[in-house]
>>> print(open('query.csv').read())   # CSV, C-alpha atoms
chain,number,residue,atom,x,y,z
P,1,MET,CA,0.0,0.0,0.0
P,2,LYS,CA,1.3,3.5,-0.9
P,3,VAL,CA,0.6,6.5,1.3
P,4,GLY,CA,0.1,10.1,0.3
P,5,VAL,CA,0.2,12.7,3.1
P,6,SER,CA,-2.0,15.7,2.8
P,7,ILE,CA,-0.5,18.9,4.2
P,8,LEU,CA,-3.8,20.8,4.0
P,9,ASN,CA,-4.1,21.1,7.8
P,10,SER,CA,-0.4,21.6,8.4
P,11,SER,CA,0.4,24.4,10.9
P,12,ASN,CA,3.9,24.7,9.6
P,13,VAL,CA,4.3,23.7,5.9
P,14,LYS,CA,8.0,24.3,5.7
P,15,ARG,CA,8.7,22.2,8.8
P,16,ASP,CA,6.4,19.4,7.6
P,17,LEU,CA,7.8,19.3,4.1
P,18,GLU,CA,11.2,18.7,5.6
P,19,LEU,CA,10.1,16.2,8.2
P,20,LEU,CA,7.9,14.2,5.9
P,21,SER,CA,10.7,14.0,3.3
P,22,ASN,CA,12.5,11.7,5.9
P,23,THR,CA,9.6,9.3,6.2
P,24,THR,CA,8.4,6.4,4.1
P,25,CYS,CA,5.4,8.3,2.7
P,26,ASP,CA,5.2,8.0,-1.1
P,27,TYR,CA,3.7,11.3,-2.1
P,28,PHE,CA,2.7,14.7,-0.8
P,29,HIS,CA,-1.0,15.1,-1.5
P,30,ILE,CA,-1.6,18.7,-2.4
P,31,ASP,CA,-5.2,20.0,-2.2
P,32,VAL,CA,-6.0,23.0,-4.4
P,33,MET,CA,-9.3,24.7,-4.0
P,34,ASP,CA,-10.8,27.7,-5.9
P,35,LYS,CA,-13.8,28.6,-3.6
P,36,LYS,CA,-16.1,27.8,-6.5
P,37,PHE,CA,-16.1,24.0,-6.8
P,38,VAL,CA,-15.8,23.9,-3.0
P,39,THR,CA,-16.4,26.6,-0.3
P,40,ASN,CA,-12.8,26.9,0.7
P,41,LYS,CA,-9.8,28.3,-1.1
P,42,ASN,CA,-6.3,26.9,-1.0
P,43,ASP,CA,-3.4,27.2,-3.4
P,44,PRO,CA,0.0,26.3,-1.9
P,45,TYR,CA,1.9,26.6,-5.2
P,46,ASP,CA,4.1,29.6,-4.0
P,47,ILE,CA,5.2,27.9,-0.8
P,48,LEU,CA,5.9,24.6,-2.6
P,49,LYS,CA,7.9,26.4,-5.2
P,50,CYS,CA,9.8,28.4,-2.6
P,51,TYR,CA,10.8,25.3,-0.6
P,52,GLU,CA,11.2,22.8,-3.4
P,53,ASN,CA,14.8,22.2,-2.4
P,54,LEU,CA,13.7,21.1,1.0
P,55,TYR,CA,11.6,18.1,0.0
P,56,ASN,CA,12.2,15.0,-2.1
P,57,LYS,CA,8.7,13.5,-2.6
P,58,ARG,CA,6.7,13.5,-5.7
P,59,LEU,CA,3.5,15.6,-5.7
P,60,ASP,CA,0.0,14.3,-6.1
P,61,ILE,CA,-2.1,17.3,-7.0
P,62,HIS,CA,-5.8,17.3,-6.3
P,63,LEU,CA,-7.6,20.1,-8.1
P,64,MET,CA,-11.0,20.9,-6.5
P,65,CYS,CA,-11.5,23.7,-9.1
P,66,GLU,CA,-14.2,24.5,-11.6
P,67,ASN,CA,-11.7,25.7,-14.1
P,68,PRO,CA,-8.5,23.7,-13.5
P,69,LEU,CA,-6.4,24.8,-16.5
P,70,PRO,CA,-4.8,27.9,-14.8
P,71,TYR,CA,-3.8,25.7,-11.8
P,72,ILE,CA,-2.5,22.9,-14.1
P,73,ASN,CA,-0.3,25.3,-15.9
P,74,LYS,CA,1.4,26.2,-12.6
P,75,TYR,CA,1.8,22.8,-11.0
P,76,ILE,CA,3.4,21.2,-14.0
P,77,ASN,CA,6.5,23.2,-13.0
P,78,LEU,CA,6.9,21.3,-9.7
P,79,ASN,CA,8.0,17.7,-9.0
P,80,THR,CA,4.5,16.5,-9.9
P,81,GLU,CA,3.6,12.9,-10.6
P,82,PHE,CA,-0.2,13.1,-10.7
P,83,ILE,CA,-2.7,15.9,-11.5
P,84,THR,CA,-6.2,14.9,-10.6
P,85,ILE,CA,-9.3,16.9,-11.7
P,86,HIS,CA,-12.9,16.2,-10.7
P,87,ILE,CA,-15.3,14.4,-13.0
P,88,GLU,CA,-18.1,16.7,-11.9
P,89,ILE,CA,-16.8,19.9,-13.4
P,90,LYS,CA,-18.5,21.5,-16.4
P,91,GLU,CA,-15.4,21.5,-18.6
P,92,ASP,CA,-14.2,19.4,-21.5
P,93,ILE,CA,-12.7,16.6,-19.5
P,94,GLU,CA,-11.0,14.9,-22.5
P,95,LYS,CA,-9.3,18.2,-23.5
P,96,ILE,CA,-7.9,18.7,-20.0
P,97,ILE,CA,-6.7,15.1,-19.8
P,98,ASN,CA,-4.8,15.6,-23.0
P,99,HIS,CA,-3.3,18.9,-21.8
P,100,ILE,CA,-1.9,17.3,-18.7
P,101,LYS,CA,-0.5,14.3,-20.6
P,102,GLU,CA,1.4,16.7,-23.0
P,103,TYR,CA,3.7,17.4,-20.0
P,104,GLY,CA,4.4,13.8,-19.2
P,105,ILE,CA,2.3,14.0,-16.0
P,106,LYS,CA,0.0,11.2,-15.0
P,107,VAL,CA,-3.7,12.0,-15.0
P,108,GLY,CA,-6.3,11.3,-12.3
P,109,LEU,CA,-10.1,11.7,-12.1
P,110,ALA,CA,-11.7,12.4,-8.7
P,111,ILE,CA,-15.2,11.3,-7.7
P,112,LYS,CA,-17.3,12.8,-5.0
P,113,PRO,CA,-19.0,10.4,-2.5
P,114,SER,CA,-22.4,10.9,-4.2
P,115,THR,CA,-21.2,10.4,-7.7
P,116,ASP,CA,-21.7,7.1,-9.6
P,117,VAL,CA,-18.3,5.6,-10.4
P,118,ARG,CA,-19.6,4.6,-13.8
P,119,CYS,CA,-19.3,8.2,-14.9
P,120,ILE,CA,-15.6,7.8,-15.5
P,121,GLU,CA,-16.1,4.9,-17.9
P,122,PRO,CA,-15.6,7.0,-21.1
P,123,PHE,CA,-12.1,8.0,-19.9
P,124,LEU,CA,-10.7,4.7,-18.6
P,125,ASP,CA,-8.3,4.4,-21.6
P,126,ASP,CA,-6.8,7.8,-20.9
P,127,ILE,CA,-6.2,8.0,-17.1
P,128,ASP,CA,-3.7,6.6,-14.6
P,129,LEU,CA,-5.6,7.1,-11.4
P,130,VAL,CA,-9.0,7.4,-9.8
P,131,LEU,CA,-9.4,9.3,-6.6
P,132,LEU,CA,-12.3,8.2,-4.5
P,133,MET,CA,-13.4,10.8,-2.0
P,134,SER,CA,-14.4,9.2,1.2
P,135,VAL,CA,-15.5,12.5,2.6
P,136,GLU,CA,-17.1,15.6,1.0
P,137,PRO,CA,-14.3,17.5,-0.7
P,138,GLY,CA,-13.3,20.9,0.6
P,139,TYR,CA,-11.9,20.6,4.1
P,140,GLY,CA,-10.0,18.2,6.3
P,141,GLY,CA,-10.9,16.4,9.5
P,142,GLN,CA,-14.1,14.8,8.3
P,143,LYS,CA,-15.4,11.3,9.2
P,144,PHE,CA,-14.8,8.5,6.8
P,145,ILE,CA,-17.9,7.5,4.7
P,146,LEU,CA,-18.4,3.7,5.1
P,147,SER,CA,-20.0,3.2,1.6
P,148,THR,CA,-16.5,3.9,0.2
P,149,GLU,CA,-15.7,0.2,0.6
P,150,ARG,CA,-18.5,-0.7,-1.8
P,151,LYS,CA,-17.5,2.0,-4.3
P,152,ILE,CA,-13.9,0.6,-4.4
P,153,LYS,CA,-15.3,-2.8,-5.4
P,154,GLU,CA,-17.5,-1.2,-8.0
P,155,LEU,CA,-14.6,0.7,-9.4
P,156,LYS,CA,-12.4,-2.4,-9.5
P,157,ASP,CA,-15.1,-4.2,-11.5
P,158,LEU,CA,-15.2,-1.2,-13.9
P,159,ILE,CA,-11.4,-0.9,-14.3
P,160,LYS,CA,-10.9,-4.7,-14.7
P,161,ASN,CA,-7.3,-5.3,-16.0
P,162,LYS,CA,-6.5,-1.7,-16.9
P,163,ASN,CA,-3.4,-0.2,-15.3
P,164,ILE,CA,-5.3,2.4,-13.2
P,165,LEU,CA,-4.5,3.1,-9.6
P,166,ILE,CA,-7.2,3.6,-7.0
P,167,SER,CA,-6.6,6.3,-4.4
P,168,VAL,CA,-8.8,7.0,-1.4
P,169,ASP,CA,-8.9,10.4,0.4
P,170,GLY,CA,-10.8,11.4,3.5
P,171,GLY,CA,-10.9,10.3,7.1
P,172,ILE,CA,-8.2,7.7,6.6
P,173,ASP,CA,-6.5,6.4,9.8
P,174,ASN,CA,-5.4,3.1,11.4
P,175,LEU,CA,-9.0,2.0,11.9
P,176,THR,CA,-10.7,3.1,8.6
P,177,LYS,CA,-7.9,1.7,6.5
P,178,GLU,CA,-9.5,-1.8,7.1
P,179,PHE,CA,-12.3,-0.7,4.8
P,180,VAL,CA,-10.0,0.4,1.9
P,181,GLN,CA,-7.5,-2.5,1.6
P,182,GLU,CA,-8.4,-3.0,-2.1
P,183,ALA,CA,-7.1,0.5,-2.9
P,184,ASP,CA,-3.6,1.2,-4.1
P,185,ILE,CA,-3.0,4.6,-2.4
P,186,LEU,CA,-4.3,5.9,0.9
P,187,VAL,CA,-4.3,9.7,1.5
P,188,SER,CA,-4.1,10.8,5.1
P,189,GLY,CA,-3.7,14.3,6.6
P,190,SER,CA,-4.9,14.9,10.1
P,191,TYR,CA,-4.1,11.4,11.3
P,192,VAL,CA,-0.5,11.6,10.2
P,193,LEU,CA,0.2,15.2,11.2
P,194,LYS,CA,-1.3,14.8,14.7
P,195,GLY,CA,1.1,12.0,15.8
P,196,ASN,CA,4.5,10.5,15.1
P,197,TYR,CA,4.7,10.9,11.3
P,198,GLU,CA,6.7,7.7,10.5
P,199,GLU,CA,4.7,5.5,12.9
P,200,ARG,CA,1.4,6.6,11.6
P,201,ILE,CA,2.5,6.3,7.9
P,202,GLU,CA,3.7,2.8,8.6
P,203,SER,CA,0.4,1.9,10.3
P,204,LEU,CA,-1.3,2.7,7.0
P,205,LYS,CA,1.0,0.7,4.7
>>> encode(input="query.csv", output="structure tokens")
Amino acid sequence: MKVGVSILNSSNVKRDLELLSNTTCDYFHIDVMDKKFVTNKNDPYDILKCYENLYNKRLDIHLMCENPLPYINKYINLNTEFITIHIEIKEDIEKIINHIKEYGIKVGLAIKPSTDVRCIEPFLDDIDLVLLMSVEPGYGGQKFILSTERKIKELKDLIKNKNILISVDGGIDNLTKEFVQEADILVSGSYVLKGNYEERIESLK
């Protein structure tokens, strides 16, 4: 199991970027919000750019944005492995996928808890990752939604033998991880940051 650590609720991003670089986490999960698709706003590009010499992990960028292109054009300049957009936006999904791929970056599609997983079916040949939200997107610290376990099974049936990773984000800790063992990547923020980073990361792997 791979683990991405969300720094959304970090009280000291510079410190946590350094400390987490010395752990076994696989990615830094970066939440970007535009105050349109979700009610909050967060765009840590400047601080990530400023301190990019302090961290060595690849970035997993989650764009909770109605119009993701301006954000994509910034985050392609960092050590980015994945850029994930939401399937629910009213933009040309195929066009955005192709734009991201032009830069050699892997593409993800995110699904809200209330969204049917089958809506991603037209894009299965073009993406590298599906991000299942196990809380409502927009802010950290929420409780894990139990129906996520069923949605992972539905998604695996849909993906079949395609080389697509399943990531789960929201309310992930040492207890809720038992419901998401069929996923490939677990994203955790509050749980990791409120304890011994390495111990808590290892408890999720």
>>> residues_around(input="query.csv", residues="Cys25 in chain P", least_positions_apart="5", cutoff="10 Å", atoms="only C-alpha atoms", output="list of chain:residue names")
P:Lys2, P:Val3, P:Gly4, P:Val5, P:Leu20, P:Lys57, P:Arg58, P:Val187, P:Tyr197, P:Glu198, P:Arg200, P:Ile201, P:Glu202, P:Leu204, P:Lys205
>>> residues_near_point(input="query.csv", point="(4.5, 26.1, -7.0)", cutoff="8 Å", atoms="all atoms listed in the file", output="PyMOL selection string")
chain P and resi 44-50+74-75+77-78
>>> atom_distance(input="query.csv", atom1="CA of Leu186 in chain P", atom2="CA of Val168 in chain P")
5.2 Å
>>> residues_around(input="query.csv", residues="Ile159 in chain P", least_positions_apart="2", cutoff="10 Å", atoms="only C-alpha atoms", output="JSON, numbers by chain")
{"P": [118, 120, 121, 124, 125, 130, 153, 154, 155, 156, 157, 161, 162, 163, 164, 165, 166]}
>>> atom_distance(input="query.csv", atom1="CA of Thr24 in chain P", atom2="CA of Val192 in chain P")
12.0 Å
>>> residues_around(input="query.csv", residues="Glu149 in chain P", least_positions_apart="3", cutoff="10 Å", atoms="all atoms listed in the file", output="PyMOL selection string")
chain P and resi 134+145-146+152-154+168+176-183
>>> write_last_selection(input="query.csv", atoms="C-alpha atoms", output="tab-separated table (two decimals), in the coordinates of the input")
chain	number	residue	atom	x	y	z
P	134	SER	CA	-14.40	9.20	1.20
P	145	ILE	CA	-17.90	7.50	4.70
P	146	LEU	CA	-18.40	3.70	5.10
P	152	ILE	CA	-13.90	0.60	-4.40
P	153	LYS	CA	-15.30	-2.80	-5.40
P	154	GLU	CA	-17.50	-1.20	-8.00
P	168	VAL	CA	-8.80	7.00	-1.40
P	176	THR	CA	-10.70	3.10	8.60
P	177	LYS	CA	-7.90	1.70	6.50
P	178	GLU	CA	-9.50	-1.80	7.10
P	179	PHE	CA	-12.30	-0.70	4.80
P	180	VAL	CA	-10.00	0.40	1.90
P	181	GLN	CA	-7.50	-2.50	1.60
P	182	GLU	CA	-8.40	-3.00	-2.10
P	183	ALA	CA	-7.10	0.50	-2.90
>>> atom_distance(input="query.csv", atom1="CA of Val117 in chain P", atom2="CA of Asp169 in chain P")
15.1 Å
>>> residues_near_point(input="query.csv", point="(-9.7, 26.5, -13.8)", cutoff="10 Å", atoms="all atoms listed in the file", output="VMD selection string")
chain P and resid 33 to 34 36 to 37 63 to 73 85 89 91
>>> closest_residue(input="query.csv", among="P:Thr84, P:Asn79, P:Cys119, P:Asp126", to="Asn98 in chain P", atoms="all atoms listed in the file")
P:Asp126
>>> closest_residue(input="query.csv", among="P:Pro122, P:Ile61, P:Leu193, P:Ile96", to="Arg15 in chain P", atoms="only C-alpha atoms")
P:Leu193
